[in-house]
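Okay, so here's the structure we're looking at.
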Amino acid sequence: MSENRKSSYLQPGWKRISVYGVVLGAVVVLIGLVAWFFLQGTPPSPPALTGERAAEVQVPHQQTQSGKDLSVPPPVAGKVPTESTAPLESQLALVLSGIREANQKKDLSQLLSHYSPNFPQLQQRVQQISKAWKVYNYPKMDFKITEIKLLAKKTAQARVTWNVETQNITTLKNKTIVKTYVIKFGKESNQWRIISLQPEE
């Protein structure tokens with residue numbers, strides 16, 4: 001009889017112990033789950049979009065109500081700026097001015113300084129000019145330069161029109177001559193010289 005009473009007294013204590021055990025186990029499992037979550041870390045974020053892919057995402061394809069494409073067109077490559085011909089024109093004008101002065105003064109050495117030694121048939125041209133000097137004076141010589149082209153680093157071409165007033169030394173009669181040439185210039189010893197000329201028809 002006394003043993004039954006003792007067992008009845010012990011049963012509530014064991015029940016309390018079993019409840020505490022269940023609660024403690026649940027706490028341990030929860031702590032384990034939390035620790036595992038932090039150890040694993042959060043999933044990595046998607047990589048940033050760069051380059052053309054980013055542009056595709058940031059600039060969506062747009063259309064008007066009529067269906068016409070409004071997407072931004074690709075940039076057009078700009079033209080390469082060309083070198084101004086103004087400085088070149090002034091340099092070539094110095095050559096022609098020197099030729100004009102040489103003809104008016106009838107200075108052969110000055111005239112030859114504006115021609116390249118490689119000018120085709122240079123000696124024949126010198127002889128023709130010398131003969132003309134014996135017949136004519138040149139009171140007025142004007143020129144106009146157009147269509148200037150820099151062909152290479154040391155070669156240029158221009159269209160030159162001469163408007164020349166000649167005076168016959170014997171008769172003193174004046175005559176105006178207008179003639180156009182396509183002249184090629186070459187830079188020799190840091191000076192522009194005529195290397196060839198072709199009269200226009």
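Each chain in the structure tokens gets a letter, A, B and so on, in the order shown; residues start at 1 in every chain, and ligands are counted from 1 in the order they appear.
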If we count only C-alpha atoms and set the cut-off at 12 Å, which residues sit around range 160-168 of chain A, ignoring sequence neighbours fewer than 3 positions away in its own chain? Please answer as an mmCIF file with N, CA, C and O atoms, in the first residue's frame.
```cif
data_model
loop_
_atom_site.group_PDB
_atom_site.id
_atom_site.type_symbol
_atom_site.label_atom_id
_atom_site.label_comp_id
_atom_site.auth_asym_id
_atom_site.auth_seq_id
_atom_site.Cartn_x
_atom_site.Cartn_y
_atom_site.Cartn_z
ATOM 1 N N GLU A 89 47.726 77.845 -99.425
ATOM 2 C CA GLU A 89 47.460 78.787 -100.516
ATOM 3 C C GLU A 89 48.403 79.988 -100.439
ATOM 4 O O GLU A 89 48.937 80.446 -101.462
ATOM 5 N N LEU A 92 51.877 78.887 -101.655
ATOM 6 C CA LEU A 92 51.950 78.753 -103.111
ATOM 7 C C LEU A 92 51.864 80.114 -103.799
ATOM 8 O O LEU A 92 52.479 80.333 -104.855
ATOM 9 N N ALA A 93 51.120 81.029 -103.188
ATOM 10 C CA ALA A 93 51.024 82.374 -103.748
ATOM 11 C C ALA A 93 52.374 83.078 -103.723
ATOM 12 O O ALA A 93 52.682 83.893 -104.616
ATOM 13 N N VAL A 95 55.226 81.654 -104.273
ATOM 14 C CA VAL A 95 55.959 81.141 -105.437
ATOM 15 C C VAL A 95 55.527 81.892 -106.690
ATOM 16 O O VAL A 95 56.371 82.362 -107.487
ATOM 17 N N LEU A 96 54.224 82.036 -106.882
ATOM 18 C CA LEU A 96 53.715 82.712 -108.076
ATOM 19 C C LEU A 96 54.061 84.198 -108.066
ATOM 20 O O LEU A 96 54.341 84.793 -109.129
ATOM 21 N N SER A 97 54.065 84.801 -106.886
ATOM 22 C CA SER A 97 54.467 86.206 -106.792
ATOM 23 C C SER A 97 55.929 86.376 -107.177
ATOM 24 O O SER A 97 56.309 87.365 -107.835
ATOM 25 N N ILE A 99 57.555 84.465 -109.285
ATOM 26 C CA ILE A 99 57.630 84.301 -110.751
ATOM 27 C C ILE A 99 57.185 85.582 -111.445
ATOM 28 O O ILE A 99 57.791 86.016 -112.446
ATOM 29 N N ARG A 100 56.154 86.214 -110.931
ATOM 30 C CA ARG A 100 55.698 87.478 -111.510
ATOM 31 C C ARG A 100 56.792 88.540 -111.415
ATOM 32 O O ARG A 100 57.091 89.241 -112.400
ATOM 33 N N ASN A 103 59.628 87.849 -113.876
ATOM 34 C CA ASN A 103 59.280 88.186 -115.264
ATOM 35 C C ASN A 103 59.295 89.702 -115.487
ATOM 36 O O ASN A 103 59.752 90.187 -116.530
ATOM 37 N N GLN A 104 58.784 90.446 -114.546
ATOM 38 C CA GLN A 104 58.742 91.900 -114.703
ATOM 39 C C GLN A 104 60.147 92.507 -114.629
ATOM 40 O O GLN A 104 60.441 93.495 -115.315
ATOM 41 N N ALA A 132 61.140 85.576 -125.088
ATOM 42 C CA ALA A 132 59.959 86.417 -124.889
ATOM 43 C C ALA A 132 60.333 87.726 -124.201
ATOM 44 O O ALA A 132 59.753 88.786 -124.502
ATOM 45 N N TRP A 133 61.292 87.675 -123.286
ATOM 46 C CA TRP A 133 61.713 88.896 -122.585
ATOM 47 C C TRP A 133 62.319 89.929 -123.552
ATOM 48 O O TRP A 133 62.267 91.129 -123.299
ATOM 49 N N LYS A 134 62.886 89.438 -124.627
ATOM 50 C CA LYS A 134 63.494 90.355 -125.595
ATOM 51 C C LYS A 134 62.446 91.066 -126.437
ATOM 52 O O LYS A 134 62.732 92.084 -127.067
ATOM 53 N N VAL A 135 61.221 90.545 -126.424
ATOM 54 C CA VAL A 135 60.153 91.113 -127.255
ATOM 55 C C VAL A 135 59.120 91.871 -126.419
ATOM 56 O O VAL A 135 58.597 92.915 -126.851
ATOM 57 N N TYR A 136 58.860 91.372 -125.210
ATOM 58 C CA TYR A 136 57.747 91.923 -124.427
ATOM 59 C C TYR A 136 58.207 92.403 -123.048
ATOM 60 O O TYR A 136 59.146 91.866 -122.452
ATOM 61 N N ASN A 137 57.477 93.381 -122.582
ATOM 62 C CA ASN A 137 57.491 93.756 -121.170
ATOM 63 C C ASN A 137 56.174 93.278 -120.551
ATOM 64 O O ASN A 137 55.192 93.025 -121.261
ATOM 65 N N TYR A 138 56.171 93.185 -119.223
ATOM 66 C CA TYR A 138 54.976 92.673 -118.539
ATOM 67 C C TYR A 138 54.548 93.675 -117.460
ATOM 68 O O TYR A 138 54.836 93.504 -116.269
ATOM 69 N N PRO A 139 53.869 94.734 -117.886
ATOM 70 C CA PRO A 139 53.467 95.770 -116.914
ATOM 71 C C PRO A 139 52.461 95.267 -115.874
ATOM 72 O O PRO A 139 52.382 95.814 -114.769
ATOM 73 N N LYS A 140 51.699 94.233 -116.222
ATOM 74 C CA LYS A 140 50.685 93.738 -115.288
ATOM 75 C C LYS A 140 50.584 92.229 -115.395
ATOM 76 O O LYS A 140 50.441 91.685 -116.493
ATOM 77 N N MET A 141 50.685 91.584 -114.260
ATOM 78 C CA MET A 141 50.536 90.115 -114.194
ATOM 79 C C MET A 141 49.749 89.755 -112.932
ATOM 80 O O MET A 141 50.240 89.949 -111.819
ATOM 81 N N ASP A 142 48.551 89.293 -113.104
ATOM 82 C CA ASP A 142 47.705 88.867 -111.986
ATOM 83 C C ASP A 142 47.449 87.368 -112.087
ATOM 84 O O ASP A 142 47.425 86.802 -113.188
ATOM 85 N N PHE A 143 47.279 86.741 -110.949
ATOM 86 C CA PHE A 143 46.985 85.305 -110.943
ATOM 87 C C PHE A 143 45.903 85.004 -109.918
ATOM 88 O O PHE A 143 45.701 85.754 -108.954
ATOM 89 N N LYS A 144 45.210 83.902 -110.163
ATOM 90 C CA LYS A 144 44.166 83.429 -109.254
ATOM 91 C C LYS A 144 44.377 81.940 -109.006
ATOM 92 O O LYS A 144 44.499 81.161 -109.948
ATOM 93 N N ILE A 145 44.405 81.563 -107.732
ATOM 94 C CA ILE A 145 44.634 80.158 -107.341
ATOM 95 C C ILE A 145 43.309 79.537 -106.905
ATOM 96 O O ILE A 145 42.605 80.086 -106.065
ATOM 97 N N THR A 146 42.980 78.390 -107.474
ATOM 98 C CA THR A 146 41.781 77.639 -107.076
ATOM 99 C C THR A 146 42.116 76.144 -107.038
ATOM 100 O O THR A 146 43.180 75.721 -107.490
ATOM 101 N N GLU A 147 41.184 75.384 -106.496
ATOM 102 C CA GLU A 147 41.268 73.908 -106.465
ATOM 103 C C GLU A 147 42.605 73.427 -105.909
ATOM 104 O O GLU A 147 43.301 72.601 -106.495
ATOM 105 N N ILE A 148 42.944 73.949 -104.757
ATOM 106 C CA ILE A 148 44.204 73.576 -104.099
ATOM 107 C C ILE A 148 44.034 72.203 -103.450
ATOM 108 O O ILE A 148 43.063 71.955 -102.742
ATOM 109 N N GLN A 157 48.898 70.506 -105.468
ATOM 110 C CA GLN A 157 48.434 70.823 -106.816
ATOM 111 C C GLN A 157 47.418 71.952 -106.733
ATOM 112 O O GLN A 157 46.651 72.043 -105.782
ATOM 113 N N THR A 171 56.721 98.094 -130.747
ATOM 114 C CA THR A 171 55.510 98.821 -131.163
ATOM 115 C C THR A 171 54.787 99.496 -130.002
ATOM 116 O O THR A 171 53.883 100.326 -130.231
ATOM 117 N N LEU A 172 55.157 99.093 -128.774
ATOM 118 C CA LEU A 172 54.502 99.607 -127.559
ATOM 119 C C LEU A 172 53.009 99.266 -127.506
ATOM 120 O O LEU A 172 52.243 99.915 -126.770
ATOM 121 N N LYS A 173 52.604 98.285 -128.280
ATOM 122 C CA LYS A 173 51.211 97.845 -128.249
ATOM 123 C C LYS A 173 51.008 96.858 -127.098
ATOM 124 O O LYS A 173 51.847 95.988 -126.847
ATOM 125 N N ASN A 174 49.889 97.007 -126.427
ATOM 126 C CA ASN A 174 49.560 96.135 -125.301
ATOM 127 C C ASN A 174 48.602 95.029 -125.728
ATOM 128 O O ASN A 174 47.760 95.218 -126.616
ATOM 129 N N LYS A 175 48.757 93.918 -125.075
ATOM 130 C CA LYS A 175 47.896 92.770 -125.349
ATOM 131 C C LYS A 175 47.660 92.011 -124.045
ATOM 132 O O LYS A 175 48.581 91.821 -123.253
ATOM 133 N N THR A 176 46.425 91.610 -123.865
ATOM 134 C CA THR A 176 46.071 90.861 -122.644
ATOM 135 C C THR A 176 45.958 89.379 -122.974
ATOM 136 O O THR A 176 45.275 88.996 -123.935
ATOM 137 N N ILE A 177 46.619 88.585 -122.168
ATOM 138 C CA ILE A 177 46.609 87.128 -122.346
ATOM 139 C C ILE A 177 46.069 86.494 -121.063
ATOM 140 O O ILE A 177 46.545 86.797 -119.958
ATOM 141 N N VAL A 178 45.095 85.617 -121.198
ATOM 142 C CA VAL A 178 44.538 84.870 -120.066
ATOM 143 C C VAL A 178 44.776 83.391 -120.326
ATOM 144 O O VAL A 178 44.333 82.851 -121.345
ATOM 145 N N LYS A 179 45.474 82.759 -119.400
ATOM 146 C CA LYS A 179 45.785 81.344 -119.579
ATOM 147 C C LYS A 179 45.731 80.633 -118.222
ATOM 148 O O LYS A 179 46.141 81.194 -117.202
ATOM 149 N N THR A 180 45.239 79.401 -118.272
ATOM 150 C CA THR A 180 45.071 78.618 -117.049
ATOM 151 C C THR A 180 45.952 77.374 -117.104
ATOM 152 O O THR A 180 46.037 76.707 -118.146
ATOM 153 N N TYR A 181 46.578 77.078 -115.975
ATOM 154 C CA TYR A 181 47.460 75.917 -115.851
ATOM 155 C C TYR A 181 47.057 75.085 -114.634
ATOM 156 O O TYR A 181 46.579 75.620 -113.621
ATOM 157 N N VAL A 182 47.291 73.797 -114.726
ATOM 158 C CA VAL A 182 47.252 72.918 -113.560
ATOM 159 C C VAL A 182 48.705 72.700 -113.150
ATOM 160 O O VAL A 182 49.478 72.075 -113.881
ATOM 161 N N ILE A 183 49.067 73.247 -112.015
ATOM 162 C CA ILE A 183 50.463 73.268 -111.589
ATOM 163 C C ILE A 183 50.647 72.357 -110.383
ATOM 164 O O ILE A 183 49.863 72.394 -109.429
ATOM 165 N N LYS A 184 51.702 71.569 -110.423
ATOM 166 C CA LYS A 184 52.097 70.746 -109.280
ATOM 167 C C LYS A 184 53.323 71.372 -108.629
ATOM 168 O O LYS A 184 54.268 71.773 -109.315
ATOM 169 N N PHE A 185 53.267 71.422 -107.305
ATOM 170 C CA PHE A 185 54.344 71.999 -106.520
ATOM 171 C C PHE A 185 54.971 70.910 -105.655
ATOM 172 O O PHE A 185 54.286 70.004 -105.163
ATOM 173 N N ILE A 194 57.862 74.754 -108.391
ATOM 174 C CA ILE A 194 57.034 74.145 -109.434
ATOM 175 C C ILE A 194 57.763 72.927 -109.991
ATOM 176 O O ILE A 194 58.909 73.023 -110.428
ATOM 177 N N LEU A 197 53.745 71.628 -114.916
ATOM 178 C CA LEU A 197 52.535 72.418 -115.216
ATOM 179 C C LEU A 197 51.944 71.938 -116.516
ATOM 180 O O LEU A 197 52.651 71.528 -117.428
ATOM 181 N N GLN A 198 50.638 71.965 -116.552
ATOM 182 C CA GLN A 198 49.917 71.495 -117.731
ATOM 183 C C GLN A 198 48.875 72.547 -118.111
ATOM 184 O O GLN A 198 47.966 72.845 -117.343
ATOM 185 N N PRO A 199 49.002 73.142 -119.304
ATOM 186 C CA PRO A 199 48.010 74.145 -119.708
ATOM 187 C C PRO A 199 46.658 73.517 -119.976
ATOM 188 O O PRO A 199 46.568 72.406 -120.525
ATOM 189 N N GLU A 200 45.622 74.213 -119.574
ATOM 190 C CA GLU A 200 44.269 73.740 -119.855
ATOM 191 C C GLU A 200 43.872 74.144 -121.274
ATOM 192 O O GLU A 200 44.258 75.204 -121.757
#
```
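The interatomic distance for the pair CA of Gln110 in chain A and CA of Ser196 in chain A works out to 17.7 Å.
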Record the distance separating CA of Ile195 in chain A and CA of Pro117 in chain A, expressed in Å with one decimal.
8.0 Å
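In terms of minimum interatomic distance to Lys153 in chain A, A:Lys187 ranks closest within A:Arg193, A:Leu108, A:Lys187, A:Gln91, counting only C-alpha atoms.
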